[in-house]
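A.B. asks: So here's start02.cif, just mmCIF, C-alpha atoms and all ligand atoms:
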data_model
loop_
_atom_site.label_atom_id
_atom_site.label_comp_id
_atom_site.auth_asym_id
_atom_site.auth_seq_id
_atom_site.Cartn_x
_atom_site.Cartn_y
_atom_site.Cartn_z
CA MET A 11 -25.36 -59.16 50.31
CA THR A 12 -22.93 -57.61 47.86
CA VAL A 13 -21.06 -54.36 48.22
CA GLN A 14 -23.07 -51.60 46.57
CA VAL A 15 -20.80 -50.40 43.78
CA PRO A 16 -22.07 -50.32 40.19
CA LYS A 17 -20.36 -52.68 37.77
CA SER A 18 -19.35 -49.72 35.58
CA ILE A 19 -16.60 -48.80 38.03
CA ASN A 20 -13.17 -50.16 37.09
CA ASN A 21 -12.95 -53.24 39.23
CA GLU A 22 -9.44 -54.39 38.47
CA PHE A 23 -8.79 -54.59 42.18
CA ASN A 24 -12.09 -56.11 43.21
CA GLN A 25 -11.41 -59.01 45.54
CA ASP A 26 -14.80 -60.52 46.24
CA ASN A 27 -18.27 -59.40 47.18
CA TYR A 28 -16.97 -58.31 50.54
CA CYS A 29 -14.14 -56.05 49.47
CA ASN A 30 -14.05 -53.65 46.55
CA LEU A 31 -10.89 -51.64 45.91
CA ILE A 32 -11.20 -48.88 43.30
CA ASN A 33 -8.35 -47.02 41.65
CA GLY A 34 -9.71 -43.52 40.96
CA ASP A 35 -10.59 -40.08 42.25
CA CYS A 36 -13.01 -40.43 45.13
CA ILE A 37 -14.64 -37.12 44.25
CA ASP A 38 -16.00 -38.92 41.13
CA ILE A 39 -16.32 -42.44 42.53
CA LEU A 40 -18.38 -41.48 45.59
CA LYS A 41 -21.06 -40.16 43.21
CA LYS A 42 -21.53 -43.71 41.90
CA ILE A 43 -22.30 -45.31 45.26
CA ASN A 44 -25.99 -45.86 46.01
CA ASP A 45 -27.94 -43.54 48.33
CA LYS A 46 -28.23 -44.68 51.97
CA SER A 47 -26.20 -47.86 51.38
CA VAL A 48 -23.21 -47.38 53.72
CA HIS A 49 -22.96 -47.67 57.52
CA LEU A 50 -19.63 -45.98 58.20
CA VAL A 51 -17.28 -43.66 56.33
CA LEU A 52 -13.89 -43.98 58.00
CA THR A 53 -11.08 -42.10 56.35
CA ASP A 54 -7.79 -40.23 56.54
CA PRO A 55 -7.79 -37.59 53.78
CA PRO A 56 -4.97 -35.21 52.83
CA TYR A 57 -4.62 -32.59 55.59
CA ASN A 58 -3.70 -29.81 53.13
CA LEU A 59 -0.36 -29.17 54.82
CA GLY A 60 1.85 -29.29 51.70
CA GLN A 61 1.46 -25.66 50.58
CA PHE A 62 1.06 -24.40 54.13
CA MET A 63 4.45 -25.85 55.12
CA HIS A 64 6.02 -24.78 51.84
CA LYS A 65 5.38 -21.12 52.71
CA ARG A 66 7.03 -21.43 56.12
CA ASN A 67 10.72 -21.05 56.61
CA THR A 68 11.09 -23.83 59.18
CA ASN A 69 13.28 -26.86 59.65
CA LEU A 70 10.21 -28.96 59.18
CA LYS A 71 9.66 -27.64 55.67
CA LYS A 72 11.89 -30.20 53.96
CA MET A 73 10.41 -33.06 55.93
CA ARG A 74 6.87 -31.98 55.12
CA GLU A 75 7.69 -31.61 51.45
CA ASN A 76 9.13 -35.12 51.38
CA GLN A 77 6.26 -36.59 53.26
CA PHE A 78 3.29 -34.85 51.70
CA ALA A 79 3.89 -32.54 48.77
CA TYR A 80 6.44 -34.71 47.01
CA ALA A 81 4.17 -37.68 47.51
CA GLY A 82 2.00 -35.64 45.13
CA TRP A 83 -1.28 -35.81 46.96
CA ASP A 84 -1.22 -33.03 49.53
CA ASN A 85 -0.20 -30.00 47.53
CA LEU A 86 -3.58 -28.56 46.48
CA PRO A 87 -4.23 -24.85 47.09
CA TYR A 88 -6.46 -24.45 50.15
CA ASP A 89 -9.55 -23.40 48.12
CA GLU A 90 -9.38 -26.47 45.88
CA TRP A 91 -8.82 -28.79 48.83
CA PHE A 92 -11.76 -27.18 50.67
CA LYS A 93 -14.01 -27.61 47.63
CA ASP A 94 -13.09 -31.31 47.41
CA MET A 95 -13.75 -31.75 51.12
CA ASP A 96 -17.16 -30.12 50.64
CA ILE A 97 -18.00 -32.68 47.94
CA PHE A 98 -16.60 -35.46 50.14
CA PHE A 99 -18.99 -34.48 52.97
CA SER A 100 -22.02 -33.98 50.73
CA GLU A 101 -21.52 -37.36 49.01
CA SER A 102 -20.80 -39.09 52.32
CA SER A 103 -24.01 -37.63 53.70
CA ARG A 104 -25.94 -38.98 50.70
CA ILE A 105 -24.52 -42.54 50.82
CA LEU A 106 -24.80 -43.06 54.59
CA VAL A 107 -27.84 -44.72 56.14
CA LYS A 108 -29.74 -42.80 58.81
CA GLY A 109 -27.76 -43.35 62.01
CA GLY A 110 -24.57 -44.05 60.05
CA SER A 111 -21.29 -42.53 61.19
CA LEU A 112 -18.36 -40.68 59.70
CA LEU A 113 -14.94 -40.42 61.30
CA VAL A 114 -12.27 -38.37 59.59
CA PHE A 115 -8.63 -37.91 60.64
CA MET A 116 -7.44 -34.32 60.34
CA SER A 117 -4.67 -31.95 61.33
CA ILE A 118 -5.57 -30.13 64.52
CA ILE A 119 -5.38 -26.67 62.89
CA LYS A 120 -8.20 -27.62 60.48
CA VAL A 121 -10.67 -29.03 63.01
CA GLU A 122 -13.02 -26.05 63.31
CA SER A 123 -13.43 -25.50 59.57
CA ILE A 124 -14.00 -29.23 58.98
CA ILE A 125 -16.74 -29.34 61.63
CA ALA A 126 -18.48 -26.35 59.97
CA LEU A 127 -18.29 -28.05 56.56
CA ALA A 128 -19.70 -31.31 57.92
CA GLU A 129 -22.56 -29.53 59.69
CA LYS A 130 -23.39 -27.66 56.48
CA ASN A 131 -23.75 -31.07 54.83
CA GLY A 132 -26.16 -32.42 57.44
CA PHE A 133 -23.84 -34.19 59.88
CA TYR A 134 -24.28 -34.12 63.63
CA TYR A 135 -20.99 -33.32 65.34
CA LYS A 136 -20.10 -35.74 68.14
CA THR A 137 -16.46 -35.68 69.21
CA THR A 138 -12.98 -34.45 68.41
CA GLY A 139 -10.34 -36.87 69.66
CA ILE A 140 -6.63 -37.43 69.49
CA TRP A 141 -4.38 -40.18 68.24
CA HIS A 142 -1.11 -40.03 70.17
CA LYS A 143 2.03 -41.68 68.78
CA THR A 144 4.18 -43.01 71.63
CA ASN A 145 7.42 -43.04 69.61
CA PRO A 146 7.35 -40.03 67.25
CA MET A 147 10.41 -39.07 65.23
CA PRO A 148 12.37 -36.80 67.65
CA ARG A 149 13.01 -34.15 65.01
CA ASN A 150 14.42 -30.89 66.41
CA MET A 151 13.56 -32.03 69.90
CA ASN A 152 15.75 -29.35 71.49
CA LEU A 153 14.05 -26.56 69.56
CA HIS A 154 10.36 -27.15 70.10
CA PHE A 155 7.57 -29.56 71.00
CA VAL A 156 7.87 -32.80 69.04
CA ASN A 157 4.78 -33.43 66.96
CA SER A 158 3.17 -36.64 68.23
CA THR A 159 -0.56 -36.16 67.72
CA GLU A 160 -3.21 -36.12 65.01
CA ALA A 161 -6.88 -35.29 65.48
CA TRP A 162 -9.92 -37.28 64.43
CA ILE A 163 -13.46 -35.92 64.22
CA TYR A 164 -16.55 -38.08 64.64
CA PHE A 165 -20.03 -37.33 63.24
CA THR A 166 -23.35 -39.11 62.85
CA LYS A 167 -25.85 -38.78 60.03
CA GLY A 168 -29.55 -38.11 60.59
CA THR A 169 -29.50 -38.90 64.34
CA ASN A 170 -27.41 -37.78 67.27
CA THR A 171 -26.23 -41.30 68.19
CA GLY A 172 -24.82 -44.05 66.04
CA THR A 173 -23.36 -47.52 66.56
CA PHE A 174 -21.04 -47.39 69.56
CA ASN A 175 -19.87 -50.82 70.69
CA ASN A 176 -18.24 -49.86 73.97
CA GLU A 177 -19.63 -52.96 75.72
CA GLY A 178 -20.33 -50.99 78.87
CA LYS A 179 -16.78 -49.69 79.15
CA LEU A 180 -15.68 -46.07 79.24
CA VAL A 181 -13.89 -45.08 76.03
CA HIS A 182 -11.55 -42.08 76.12
CA ASP A 183 -11.38 -39.65 73.21
CA PHE A 184 -7.65 -40.40 73.14
CA PHE A 185 -6.06 -43.39 71.41
CA GLU A 186 -2.44 -44.23 71.87
CA THR A 187 -0.30 -46.53 69.73
CA SER A 188 3.24 -46.73 68.46
CA LEU A 189 3.99 -45.62 64.91
CA THR A 190 3.09 -48.13 62.20
CA THR A 191 5.61 -50.96 62.44
CA GLN A 192 7.90 -52.02 59.58
CA GLY A 193 6.16 -55.42 59.62
CA GLU A 194 2.95 -53.69 58.52
CA LYS A 195 4.85 -52.07 55.63
CA LYS A 196 6.31 -55.21 54.12
CA HIS A 197 4.23 -54.92 50.92
CA GLY A 198 5.44 -51.35 50.27
CA LYS A 199 5.68 -48.02 52.00
CA HIS A 200 3.02 -45.36 52.31
CA PRO A 201 4.18 -42.12 54.01
CA THR A 202 1.19 -41.81 56.33
CA GLN A 203 0.11 -45.40 56.88
CA LYS A 204 -2.00 -45.77 60.01
CA PRO A 205 -1.41 -48.65 62.49
CA ILE A 206 -3.83 -51.58 62.16
CA LYS A 207 -4.41 -51.52 65.92
CA LEU A 208 -5.80 -47.98 65.70
CA MET A 209 -8.15 -48.77 62.82
CA ASP A 210 -9.28 -52.07 64.47
CA ARG A 211 -10.41 -50.05 67.47
CA LEU A 212 -12.39 -47.55 65.38
CA VAL A 213 -13.97 -50.16 63.09
CA GLY A 214 -14.94 -52.27 66.12
CA LEU A 215 -16.49 -49.35 68.01
CA LEU A 216 -18.36 -47.65 65.17
CA SER A 217 -19.73 -50.57 63.12
CA ASN A 218 -21.19 -54.05 63.37
CA GLU A 219 -20.36 -57.32 61.59
CA GLY A 220 -21.71 -57.28 58.04
CA ASP A 221 -21.81 -53.46 57.83
CA ILE A 222 -20.52 -51.67 54.74
CA ILE A 223 -17.60 -49.31 55.38
CA VAL A 224 -16.17 -46.85 52.85
CA ASP A 225 -12.69 -45.32 52.93
CA PRO A 226 -12.51 -42.80 50.03
CA PHE A 227 -8.85 -41.89 50.72
CA MET A 228 -7.70 -45.45 51.30
CA GLY A 229 -3.92 -45.12 50.90
CA SER A 230 -2.33 -48.49 51.67
CA GLY A 231 -5.66 -49.93 52.82
CA THR A 232 -5.38 -50.08 56.61
CA THR A 233 -9.13 -49.53 57.04
CA GLY A 234 -9.72 -52.46 54.65
CA VAL A 235 -7.39 -54.72 56.65
CA SER A 236 -9.39 -54.00 59.81
CA CYS A 237 -12.70 -54.53 57.96
CA LYS A 238 -11.64 -57.97 56.75
CA LYS A 239 -10.33 -58.94 60.21
CA LEU A 240 -13.61 -57.87 61.81
CA ASN A 241 -16.02 -59.17 59.13
CA ARG A 242 -17.16 -55.84 57.72
CA LYS A 243 -17.64 -55.20 53.98
CA PHE A 244 -15.26 -52.67 52.53
CA ILE A 245 -15.14 -50.20 49.63
CA GLY A 246 -11.78 -48.43 49.31
CA VAL A 247 -10.94 -45.69 46.81
CA GLU A 248 -7.39 -44.54 46.10
CA GLN A 249 -6.07 -42.42 43.25
CA ASN A 250 -2.55 -43.90 43.25
CA LYS A 251 -2.40 -47.34 41.61
CA GLU A 252 0.74 -48.38 43.50
CA TYR A 253 -1.00 -47.78 46.82
CA VAL A 254 -4.02 -49.80 45.66
CA LYS A 255 -1.68 -52.71 44.87
CA ILE A 256 -0.23 -52.49 48.38
CA ALA A 257 -3.74 -52.37 49.83
CA ARG A 258 -4.80 -55.43 47.84
CA GLN A 259 -1.81 -57.44 49.06
CA ARG A 260 -2.35 -56.39 52.66
CA ILE A 261 -6.05 -57.22 52.63
CA GLU A 262 -5.55 -60.55 50.81
CA GLU A 263 -3.13 -61.59 53.51
CA VAL A 264 -5.77 -61.36 56.25
CA SER A 265 -7.09 -64.87 56.85
C1 LIG A 301 -3.39 -39.79 54.46
S1 LIG A 301 -3.33 -40.92 53.15
C2 LIG A 301 -4.25 -42.30 53.75
C3 LIG A 301 -3.39 -43.31 54.44
C4 LIG A 301 -4.15 -44.52 54.93
N1 LIG A 301 -4.95 -44.22 56.11
C5 LIG A 301 -3.25 -45.70 55.24
O1 LIG A 301 -3.28 -46.23 56.37
O2 LIG A 301 -2.48 -46.07 54.35
C6 LIG A 301 -4.42 -40.17 51.97
C7 LIG A 301 -4.50 -40.91 50.66
O3 LIG A 301 -5.52 -40.30 49.87
C8 LIG A 301 -5.16 -40.39 48.51
N2 LIG A 301 -5.94 -39.37 47.79
C9 LIG A 301 -5.79 -38.02 47.82
N3 LIG A 301 -6.74 -37.41 47.09
C10 LIG A 301 -7.53 -38.41 46.59
C11 LIG A 301 -8.70 -38.42 45.80
N4 LIG A 301 -9.24 -37.29 45.35
N5 LIG A 301 -9.26 -39.62 45.48
C12 LIG A 301 -8.70 -40.79 45.95
N6 LIG A 301 -7.59 -40.83 46.70
C13 LIG A 301 -7.02 -39.66 47.05
C14 LIG A 301 -3.65 -40.18 48.51
O4 LIG A 301 -3.05 -40.73 47.35
C15 LIG A 301 -3.22 -40.88 49.80
O5 LIG A 301 -2.77 -42.19 49.57
#
How does the structure come out when it is put into structure tokens?
Ligand SMILES: C[S@@+](CC[C@H](N)C(=O)[O-])C[C@H]1O[C@@H](n2cnc3c(N)ncnc32)[C@H](O)[C@@H]1O

C.D. replies:
Amino acid sequence: MTVQVPKSINNEFNQDNYCNLINGDCIDILKKINDKSVHLVLTDPPYNLGQFMHKRNTNLKKMRENQFAYAGWDNLPYDEWFKDMDIFFSESSRILVKGGSLLVFMSIIKVESIIALAEKNGFYYKTTGIWHKTNPMPRNMNLHFVNSTEAWIYFTKGTNTGTFNNEGKLVHDFFETSLTTQGEKKHGKHPTQKPIKLMDRLVGLLSNEGDIIVDPFMGSGTTGVSCKKLNRKFIGVEQNKEYVKIARQRIEEVS
């Protein structure tokens, strides 16, 4: 079975029939993926914090600008970002099979509006959970709480249960890992690269071997690394060519 992406899409980064990396804007590319052809959308989109932080006179402002806005991909005005997220959910809803799942990382302050958008596009809301970083940067630790968490939101499409490979064990809505190690960044740095361990856990729980998984905001390709490790097929979309190159090297390295 081949990954369901039309040949017309620029496939410079295509690796084989099991992994298809696309350099482009996912708002356009998602429209080219076949209806009901994907089992899981697992992604970590921009959180729309660039402009929000820019307006605040805090010590974190400079850090946020470096990390997000200056990276050039998280500085959209809220309305434009929201419109793109609306298209992201409507296209994800179209490409997912009945019983497919979608898990999206998000900043905690956006959770309620993202759930409303997903429900508007036909998703069934399941869970909001937390990823906790055990060794966050201790910035301004004597002034306030050190930020060490990000949220993720889990939905199913067309049913109220999806694949959930818990193997009879209780799974908390709380995942804990260290920050992404330098070893995982040896092919190049991405400012918000997720740890492979975290994505392995999500891919393993929410999909089965042979399933097709899409990450429309792929970044440095961590979802793709987990897919290859766990024998899932992967379509990754990323607008920044340098990040696609990093993703390709990281995924190729998985034996
Ligand atoms: C939070 S990062 C993802 C990081 C990723 N989880 C990893 O482990 O490397 C979001 C990524 O989405 C990309 N991006 C933002 N808007 C996009 C769009 N419309 N189409 C494709 N990629 C986009 C950014 O360039 C950025 O690399």

A.B. asks: Near stretch 223-235 of chain A, within 9 Å and counting all atoms listed in the file, which residues show up once chain neighbours fewer than 3 positions away are dropped, as an NGL selection string?

C.D. replies: :A and (29 or 31 or 35-37 or 39-40 or 48-56 or 98 or 195 or 198-200 or 202-206 or 209-210 or 213 or 217 or 238-240 or 242-250 or 252-258 or 260-264)

A.B. asks: If I take atom CA of A:His64 and atom CA of A:Asn85, how far is one from the other in Å, to one decimal?

C.D. replies: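 Going from atom CA of A:His64 over to atom CA of A:Asn85, I get 9.2 Å.
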
A.B. asks: Give the padded box for ligand LIG 301 (chain A) as AutoDock Vina command-line options: axis-aligned, covering all atoms listed in the file, 6 Å on each side, centre and edge lengths in Å to one decimal.

C.D. replies:
--center_x -5.9 --center_y -41.8 --center_z 50.9 --size_x 18.8 --size_y 20.9 --size_z 23.0

A.B. asks: Calculated over all atoms listed in the file, which of the candidates A:Thr166, A:Asn218, A:Thr138, A:Ser111 has the smallest distance to A:Phe184?

C.D. replies: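 Among the listed residues, A:Thr138 lies closest to A:Phe184.
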
A.B. asks: List every protein, DNA or RNA residue that has an atom no more than 12 Å from (-25.1, -28.4, 60.2) in the file's coordinate frame, counting only C-alpha atoms, and report them as a list of chain:residue names.

C.D. replies: A:Phe99, A:Ser100, A:Ser103, A:Ile124, A:Ile125, A:Ala126, A:Leu127, A:Ala128, A:Glu129, A:Lys130, A:Asn131, A:Gly132, A:Phe133, A:Tyr134, A:Tyr135, A:Lys136, A:Phe165, A:Thr166, A:Lys167, A:Gly168, A:Asn170

A.B. asks: Using only C-alpha atoms, please write the residues we just selected to a file, as a PDB file, in the frame of the given file.

C.D. replies:
ATOM      1  CA  PHE A  99     -18.990 -34.480  52.970  1.00  0.00           C
ATOM      2  CA  SER A 100     -22.020 -33.980  50.730  1.00  0.00           C
ATOM      3  CA  SER A 103     -24.010 -37.630  53.700  1.00  0.00           C
ATOM      4  CA  ILE A 124     -14.000 -29.230  58.980  1.00  0.00           C
ATOM      5  CA  ILE A 125     -16.740 -29.340  61.630  1.00  0.00           C
ATOM      6  CA  ALA A 126     -18.480 -26.350  59.970  1.00  0.00           C
ATOM      7  CA  LEU A 127     -18.290 -28.050  56.560  1.00  0.00           C
ATOM      8  CA  ALA A 128     -19.700 -31.310  57.920  1.00  0.00           C
ATOM      9  CA  GLU A 129     -22.560 -29.530  59.690  1.00  0.00           C
ATOM     10  CA  LYS A 130     -23.390 -27.660  56.480  1.00  0.00           C
ATOM     11  CA  ASN A 131     -23.750 -31.070  54.830  1.00  0.00           C
ATOM     12  CA  GLY A 132     -26.160 -32.420  57.440  1.00  0.00           C
ATOM     13  CA  PHE A 133     -23.840 -34.190  59.880  1.00  0.00           C
ATOM     14  CA  TYR A 134     -24.280 -34.120  63.630  1.00  0.00           C
ATOM     15  CA  TYR A 135     -20.990 -33.320  65.340  1.00  0.00           C
ATOM     16  CA  LYS A 136     -20.100 -35.740  68.140  1.00  0.00           C
ATOM     17  CA  PHE A 165     -20.030 -37.330  63.240  1.00  0.00           C
ATOM     18  CA  THR A 166     -23.350 -39.110  62.850  1.00  0.00           C
ATOM     19  CA  LYS A 167     -25.850 -38.780  60.030  1.00  0.00           C
ATOM     20  CA  GLY A 168     -29.550 -38.110  60.590  1.00  0.00           C
ATOM     21  CA  ASN A 170     -27.410 -37.780  67.270  1.00  0.00           C
TER      22      ASN A 170
END
